[in-house]
Amino acid sequence: MTIALPMQLRQIRGTVLIPLLDQPGFKLVPDAVLVIDDSGRISELKTAPDPCPIPETKPGCIWMPGFVDTHLHFPQSRVVGSASGPLLEWLDETIFPEEARFLDAHYARMVADEFCLSMLSQGTVAAAVYSSSAPSATQILFETMARVGLRGLVGLTLMDRMAPQRVLLDAEKALGAARELAEQWHGFDGGRLEFCITPRFAISCTPKLLKGAAKLAHELNLPVQTHISENQDEIDTVRQLFPKHESYLDVYARAGLLDGRSILAHCIHLSDDEWDLLADKGCSVSHCPDSNFFLGSGQMALHKVQSRGIECGLGTDVGAGRTFSLRRIAASAYDTALLTGSQTTAEELLWYASRGGAKVLGMDDRTGRLEVGCEADLIVMKQSDTGLKPARLFDSLVFQHDQNGVEATYVRGRRVYMKDGS
Ligand code: GUN
Ligand code: ZN
């Protein structure tokens with residue numbers, strides 16, 4: 001008998017993938033019972049007794065922690081897949097004009113709803129999001145994520161040079177707005193939402209803005225996210241703008257932007273010295289393989305991360321990334337690993353897409369973890385053959401993303417998305 005998926009989960013019985021805590025992998029429990037208390041926390045998680053009085057919650061499906069997108073851009077939702085050249089040309093041609101539209105609150109509100117639904121329908125429960133440079137659009141994004149139940153980090157994108165005037169905000173105004181947004185939203189709803197200091201990249205920010213951003217992050221104890229070393233023209237421009245710095249990463253290091261709560265996206269062309277510095281500072285990496293293919297940026301070598309024990313998650317990087325699906329991104333990361341001589345598996349990549357991402361966001365005590373006392377952020381996905389051997393099961397979850405869709409998404413046990421007819 002099939003039971004409709006409830007609005008508030010109290011208990012489930014079914015096949016559950018439990019992420020390992022500190023190494024990429026999962027424990028597969030073919031028949032588990034998971035109980036959720038009134039606060040949305042897991043109060044029991046065990047193998048189903050035999051006989052078990054609870055019917056299977058969603059036959060033909062598999063439960064696992066929801067996905068965590070460690071890097072994407074809210075104001076690029078409507079221009080996904082606009083093929084207008086490599087990074088700097090694409091920014092000028094497509095992205096800056098589109099992001100300027102977010103000065104209009106009506107447009108921002110409409111896109112914010114679409115953006116959140118796109119994530120939830122792919123099983124994403126938490127994300128590190130870049131807003132536009134408009135404080136009003138950022139406020140709208142926070143309000144929308146608060147309402148729909150998503151978790152995550154949200155940043156006002158800081159940029160005070162080398163782009164059209166409509167998307168720039170001078171350092172004092174931008175930092176003032178960032179402070180106000182942080183005071184209102186950082187730690188909202190028991191830590192469900194946080195404000196993230198978000199310098200777009202070194203090209204878009206004067207040294208004054210970079211330093212002011214770092215100062216604010218330290219003062220208010222905020223996470224930081226930015227782009228680095230994605231494209232050769234970008235790197236050359238950074239060298240011209242910061243001739244006295246040893247490297248691209250050194251620009252961020254000397255501004256004071258790097259510590260254990262900094263998330264660096266792309267990291268394609270870093271030197272070994274930069275990788276070592278990144279690891280020494282305790283920064284995390286957002287690996288965005290689909291975006292890297294789309295903009296022809298190159299490939300990040302996963303083994304550089306793995307060999308240094310750097311925390312790593314996957315990022316869709318919408319709109320250079322062409323999908324909101326972390327499973328699709330995991331498949332792209334697999335292809336990238338083949339091209340860069342890195343060893344990985346579908347299981348490891350699925351872990352990066354969930355628990356690994358939660359660690360990158362600094363939210364791993366809240367999400368990406370299935371244990372008693374943790375919050376029940378869960379997804380249930382179709383899996384026509386739950387009897388598959390574990391390795392094939394992970395392959396099918398990552399590579400057969402078209403066939404085995406997300407049926408429902410839950411945050412703290414509350415349903416935030418359900419596919420029609422589930
Ligand atoms: N570098 C600076 N801004 C961006 C952006 O919006 N997308 C990507 N992929 N790289 C960037
Ligand atoms: Zn990006």
# chains A, B, ... in the order shown; residues from 1 in each chain; ligands from 1
call {"tool": "residues_near_ligand", "arguments": {"ligand": "ligand 1", "cutoff": "10 Å", "atoms": "only C-alpha atoms and all ligand atoms", "output": "VMD selection string"}}
result
chain A and resid 71 to 76 86 to 88 90 to 91 94 to 96 99 130 to 132 157 159 199 to 204 226 to 231 234 265 to 266 288 290 to 292 294 to 295 297 316 to 321
call {"tool": "residues_around", "arguments": {"residues": "Phe115 (chain A)", "least_positions_apart": "4", "cutoff": "8 Å", "atoms": "only C-alpha atoms", "output": "list in words"}}
result
Phe74, Ser77, Val111 and Met119 of chain A
call {"tool": "closest_atom_pairs", "arguments": {"of": "region 156-200 of chain A", "to": "region 407-414 of chain A", "cutoff": "12 Å", "atoms": "only C-alpha atoms", "output": "tab-separated table"}}
result
residue	atom	partner	partner_atom	distance
A:Asp189	CA	A:Arg412	CA	11.6
A:Gly190	CA	A:Arg412	CA	11.3
A:Arg192	CA	A:Val411	CA	9.9
call {"tool": "closest_residue", "arguments": {"among": "A:Ala217, A:Leu181, A:Leu350, A:Ala128", "to": "ligand 2", "atoms": "only C-alpha atoms and all ligand atoms"}}
result
A:Ala128
call {"tool": "residues_around", "arguments": {"residues": "His287 (chain A)", "least_positions_apart": "2", "cutoff": "9 Å", "atoms": "only C-alpha atoms", "output": "PDB file with C-alpha atoms, in the first residue's frame"}}
result
ATOM      1  CA  THR A  70      27.980  25.396  -2.447  1.00  0.00           C
ATOM      2  CA  HIS A  71      27.873  28.032  -5.191  1.00  0.00           C
ATOM      3  CA  LEU A 264      36.560  29.637  -2.852  1.00  0.00           C
ATOM      4  CA  ALA A 265      34.839  28.728  -6.099  1.00  0.00           C
ATOM      5  CA  HIS A 266      36.523  27.231  -9.184  1.00  0.00           C
ATOM      6  CA  CYS A 267      40.230  27.008  -8.172  1.00  0.00           C
ATOM      7  CA  ILE A 268      41.117  25.738 -11.635  1.00  0.00           C
ATOM      8  CA  VAL A 285      36.511  24.717  -2.141  1.00  0.00           C
ATOM      9  CA  PRO A 289      32.578  21.425 -13.121  1.00  0.00           C
ATOM     10  CA  MET A 300      39.820  21.675 -11.411  1.00  0.00           C
ATOM     11  CA  LEU A 302      40.106  17.035  -7.569  1.00  0.00           C
ATOM     12  CA  CYS A 312      35.107  20.344  -0.788  1.00  0.00           C
ATOM     13  CA  GLY A 313      31.534  20.596  -2.016  1.00  0.00           C
ATOM     14  CA  LEU A 314      29.896  20.789  -5.409  1.00  0.00           C
ATOM     15  CA  GLY A 315      28.424  23.937  -6.912  1.00  0.00           C
ATOM     16  CA  THR A 316      25.980  24.279  -9.778  1.00  0.00           C
ATOM     17  CA  ALA A 333      32.604  16.141 -11.643  1.00  0.00           C
TER      18      ALA A 333
END
call {"tool": "select_by_dssp", "arguments": {"residues": "region 114-199 of chain A", "states": "strand (DSSP E or B)", "output": "number ranges by chain"}}
result
A: 124-130, 151-155, 157-158, 193-195, 197-199
call {"tool": "write_last_selection", "arguments": {"atoms": "C-alpha atoms", "output": "short mmCIF file (atom, residue, chain, number, x, y, z; two decimals), in the first residue's frame"}}
result
data_model
loop_
_atom_site.label_atom_id
_atom_site.label_comp_id
_atom_site.auth_asym_id
_atom_site.auth_seq_id
_atom_site.Cartn_x
_atom_site.Cartn_y
_atom_site.Cartn_z
CA THR A 124 18.65 20.99 -2.66
CA VAL A 125 18.00 21.91 0.97
CA ALA A 126 20.84 24.36 1.52
CA ALA A 127 22.94 26.66 -0.65
CA ALA A 128 25.60 29.34 -0.68
CA VAL A 129 24.01 32.00 -2.85
CA TYR A 130 25.29 35.16 -4.50
CA ARG A 151 18.72 26.91 4.44
CA GLY A 152 21.83 28.70 3.42
CA LEU A 153 24.28 31.52 3.15
CA VAL A 154 23.26 34.59 1.18
CA GLY A 155 25.57 37.41 0.13
CA THR A 157 27.55 40.73 -4.26
CA LEU A 158 30.16 43.39 -3.64
CA LEU A 193 20.01 31.48 7.21
CA GLU A 194 23.31 33.32 7.45
CA PHE A 195 24.73 36.40 5.82
CA ILE A 197 30.45 38.43 2.83
CA THR A 198 30.63 38.14 -0.98
CA PRO A 199 33.25 40.10 -2.90
#
call {"tool": "select_by_dssp", "arguments": {"residues": "region 1-198 of chain A", "states": "alpha helix (DSSP H)", "output": "PyMOL selection string"}}
result
chain A and resi 87-90+96-100+105-121+135-148+171-185+188-191
call {"tool": "atom_distance", "arguments": {"atom1": "CA of Pro223 (chain A)", "atom2": "CA of Ala346 (chain A)"}}
result
29.0 Å
call {"tool": "atom_distance", "arguments": {"atom1": "CA of Ser284 (chain A)", "atom2": "CA of Ser262 (chain A)"}}
result
6.2 Å
call {"tool": "atom_distance", "arguments": {"atom1": "CA of Leu209 (chain A)", "atom2": "CA of Ala171 (chain A)"}}
result
5.1 Å
call {"tool": "residues_around", "arguments": {"residues": "Trp351 (chain A)", "least_positions_apart": "6", "cutoff": "9 Å", "atoms": "only C-alpha atoms", "output": "list in words"}}
result
Pro19, Leu20, Gln23, Pro24, Gly25, Phe26, Gly313, Gly357 and Gly368 of chain A
call {"tool": "closest_residue", "arguments": {"among": "A:Glu98, A:Ile235, A:Ser286, A:Val251", "to": "ligand 2", "atoms": "only C-alpha atoms and all ligand atoms"}}
result
A:Ser286
call {"tool": "residues_around", "arguments": {"residues": "region 275-282 of chain A", "least_positions_apart": "3", "cutoff": "6 Å", "atoms": "only C-alpha atoms", "output": "JSON, numbers by chain"}}
result
{"A": [259, 260, 272, 310]}
call {"tool": "residues_around", "arguments": {"residues": "region 396-401 of chain A", "least_positions_apart": "4", "cutoff": "8 Å", "atoms": "only C-alpha atoms", "output": "list in words"}}
result
Arg327, Arg328, Ala330, Ala331, Ala346, Leu350, Gln383, Arg392 and Gly405 of chain A
call {"tool": "write_last_selection", "arguments": {"atoms": "C-alpha atoms", "output": "PDB file, in the first residue's frame"}}
result
ATOM      1  CA  ARG A 327      23.296  14.963  -9.289  1.00  0.00           C
ATOM      2  CA  ARG A 328      23.972  16.333 -12.764  1.00  0.00           C
ATOM      3  CA  ALA A 330      28.238  15.126  -9.664  1.00  0.00           C
ATOM      4  CA  ALA A 331      28.169  13.453 -13.089  1.00  0.00           C
ATOM      5  CA  ALA A 346      29.784   8.202  -7.733  1.00  0.00           C
ATOM      6  CA  LEU A 350      27.218  12.100  -3.878  1.00  0.00           C
ATOM      7  CA  GLN A 383      14.961   4.207  -7.428  1.00  0.00           C
ATOM      8  CA  ARG A 392      25.686   0.276  -8.950  1.00  0.00           C
ATOM      9  CA  GLY A 405      13.683  12.043  -9.920  1.00  0.00           C
TER      10      GLY A 405
END
call {"tool": "closest_residue", "arguments": {"among": "A:Ala182, A:Asp69, A:Asp273, A:Val238", "to": "ligand 2", "atoms": "only C-alpha atoms and all ligand atoms"}}
result
A:Asp69
call {"tool": "residues_around", "arguments": {"residues": "Thr345 (chain A)", "least_positions_apart": "3", "cutoff": "9 Å", "atoms": "only C-alpha atoms", "output": "PDB file with all heavy atoms, in the first residue's frame"}}
result
ATOM      1  N   TYR A 334      32.529  13.798 -12.203  1.00  0.00           N
ATOM      2  CA  TYR A 334      33.113  12.501 -12.556  1.00  0.00           C
ATOM      3  C   TYR A 334      33.899  12.642 -13.865  1.00  0.00           C
ATOM      4  O   TYR A 334      35.050  12.209 -13.972  1.00  0.00           O
ATOM      5  CB  TYR A 334      31.999  11.455 -12.696  1.00  0.00           C
ATOM      6  CG  TYR A 334      32.526  10.071 -12.922  1.00  0.00           C
ATOM      7  CD1 TYR A 334      32.904   9.265 -11.859  1.00  0.00           C
ATOM      8  CD2 TYR A 334      32.674   9.573 -14.222  1.00  0.00           C
ATOM      9  CE1 TYR A 334      33.424   7.992 -12.070  1.00  0.00           C
ATOM     10  CE2 TYR A 334      33.192   8.310 -14.447  1.00  0.00           C
ATOM     11  CZ  TYR A 334      33.559   7.522 -13.366  1.00  0.00           C
ATOM     12  OH  TYR A 334      34.068   6.269 -13.577  1.00  0.00           O
ATOM     13  N   GLU A 348      31.472   8.846  -3.679  1.00  0.00           N
ATOM     14  CA  GLU A 348      32.213   9.973  -3.113  1.00  0.00           C
ATOM     15  C   GLU A 348      31.589  11.305  -3.562  1.00  0.00           C
ATOM     16  O   GLU A 348      31.410  12.234  -2.775  1.00  0.00           O
ATOM     17  CB  GLU A 348      33.682   9.923  -3.566  1.00  0.00           C
ATOM     18  CG  GLU A 348      34.495  11.098  -3.086  1.00  0.00           C
ATOM     19  CD  GLU A 348      35.991  10.997  -3.437  1.00  0.00           C
ATOM     20  OE1 GLU A 348      36.327  10.676  -4.593  1.00  0.00           O
ATOM     21  OE2 GLU A 348      36.811  11.221  -2.549  1.00  0.00           O
ATOM     22  N   LEU A 349      31.206  11.376  -4.823  1.00  0.00           N
ATOM     23  CA  LEU A 349      30.667  12.639  -5.354  1.00  0.00           C
ATOM     24  C   LEU A 349      29.289  12.946  -4.772  1.00  0.00           C
ATOM     25  O   LEU A 349      28.953  14.106  -4.529  1.00  0.00           O
ATOM     26  CB  LEU A 349      30.634  12.579  -6.887  1.00  0.00           C
ATOM     27  CG  LEU A 349      32.036  12.532  -7.509  1.00  0.00           C
ATOM     28  CD1 LEU A 349      31.959  12.166  -8.987  1.00  0.00           C
ATOM     29  CD2 LEU A 349      32.774  13.856  -7.329  1.00  0.00           C
ATOM     30  N   LEU A 350      28.526  11.894  -4.511  1.00  0.00           N
ATOM     31  CA  LEU A 350      27.218  12.100  -3.878  1.00  0.00           C
ATOM     32  C   LEU A 350      27.414  12.620  -2.441  1.00  0.00           C
ATOM     33  O   LEU A 350      26.616  13.418  -1.941  1.00  0.00           O
ATOM     34  CB  LEU A 350      26.459  10.774  -3.878  1.00  0.00           C
ATOM     35  CG  LEU A 350      24.947  10.835  -3.934  1.00  0.00           C
ATOM     36  CD1 LEU A 350      24.466  11.524  -5.204  1.00  0.00           C
ATOM     37  CD2 LEU A 350      24.365   9.416  -3.869  1.00  0.00           C
ATOM     38  N   ALA A 391      27.565  -0.272  -5.221  1.00  0.00           N
ATOM     39  CA  ALA A 391      28.300   0.549  -6.197  1.00  0.00           C
ATOM     40  C   ALA A 391      27.390   0.950  -7.356  1.00  0.00           C
ATOM     41  O   ALA A 391      27.399   2.090  -7.817  1.00  0.00           O
ATOM     42  CB  ALA A 391      29.526  -0.195  -6.716  1.00  0.00           C
ATOM     43  N   PHE A 394      24.876   3.710  -6.363  1.00  0.00           N
ATOM     44  CA  PHE A 394      25.423   5.076  -6.407  1.00  0.00           C
ATOM     45  C   PHE A 394      25.585   5.537  -7.853  1.00  0.00           C
ATOM     46  O   PHE A 394      25.280   6.682  -8.183  1.00  0.00           O
ATOM     47  CB  PHE A 394      26.756   5.157  -5.645  1.00  0.00           C
ATOM     48  CG  PHE A 394      26.579   4.990  -4.163  1.00  0.00           C
ATOM     49  CD1 PHE A 394      27.060   3.873  -3.497  1.00  0.00           C
ATOM     50  CD2 PHE A 394      25.894   5.949  -3.435  1.00  0.00           C
ATOM     51  CE1 PHE A 394      26.863   3.713  -2.133  1.00  0.00           C
ATOM     52  CE2 PHE A 394      25.693   5.805  -2.064  1.00  0.00           C
ATOM     53  CZ  PHE A 394      26.182   4.678  -1.409  1.00  0.00           C
ATOM     54  N   ASP A 395      26.047   4.635  -8.717  1.00  0.00           N
ATOM     55  CA  ASP A 395      26.160   4.994 -10.145  1.00  0.00           C
ATOM     56  C   ASP A 395      24.806   5.429 -10.678  1.00  0.00           C
ATOM     57  O   ASP A 395      24.679   6.431 -11.378  1.00  0.00           O
ATOM     58  CB  ASP A 395      26.643   3.793 -10.974  1.00  0.00           C
ATOM     59  CG  ASP A 395      28.108   3.477 -10.737  1.00  0.00           C
ATOM     60  OD1 ASP A 395      28.786   4.290 -10.089  1.00  0.00           O
ATOM     61  OD2 ASP A 395      28.556   2.407 -11.193  1.00  0.00           O
TER      62      ASP A 395
END
call {"tool": "closest_residue", "arguments": {"among": "A:Gly256, A:Gly14, A:Gly341, A:Pro49", "to": "Glu219 (chain A)", "atoms": "only C-alpha atoms"}}
result
A:Gly256
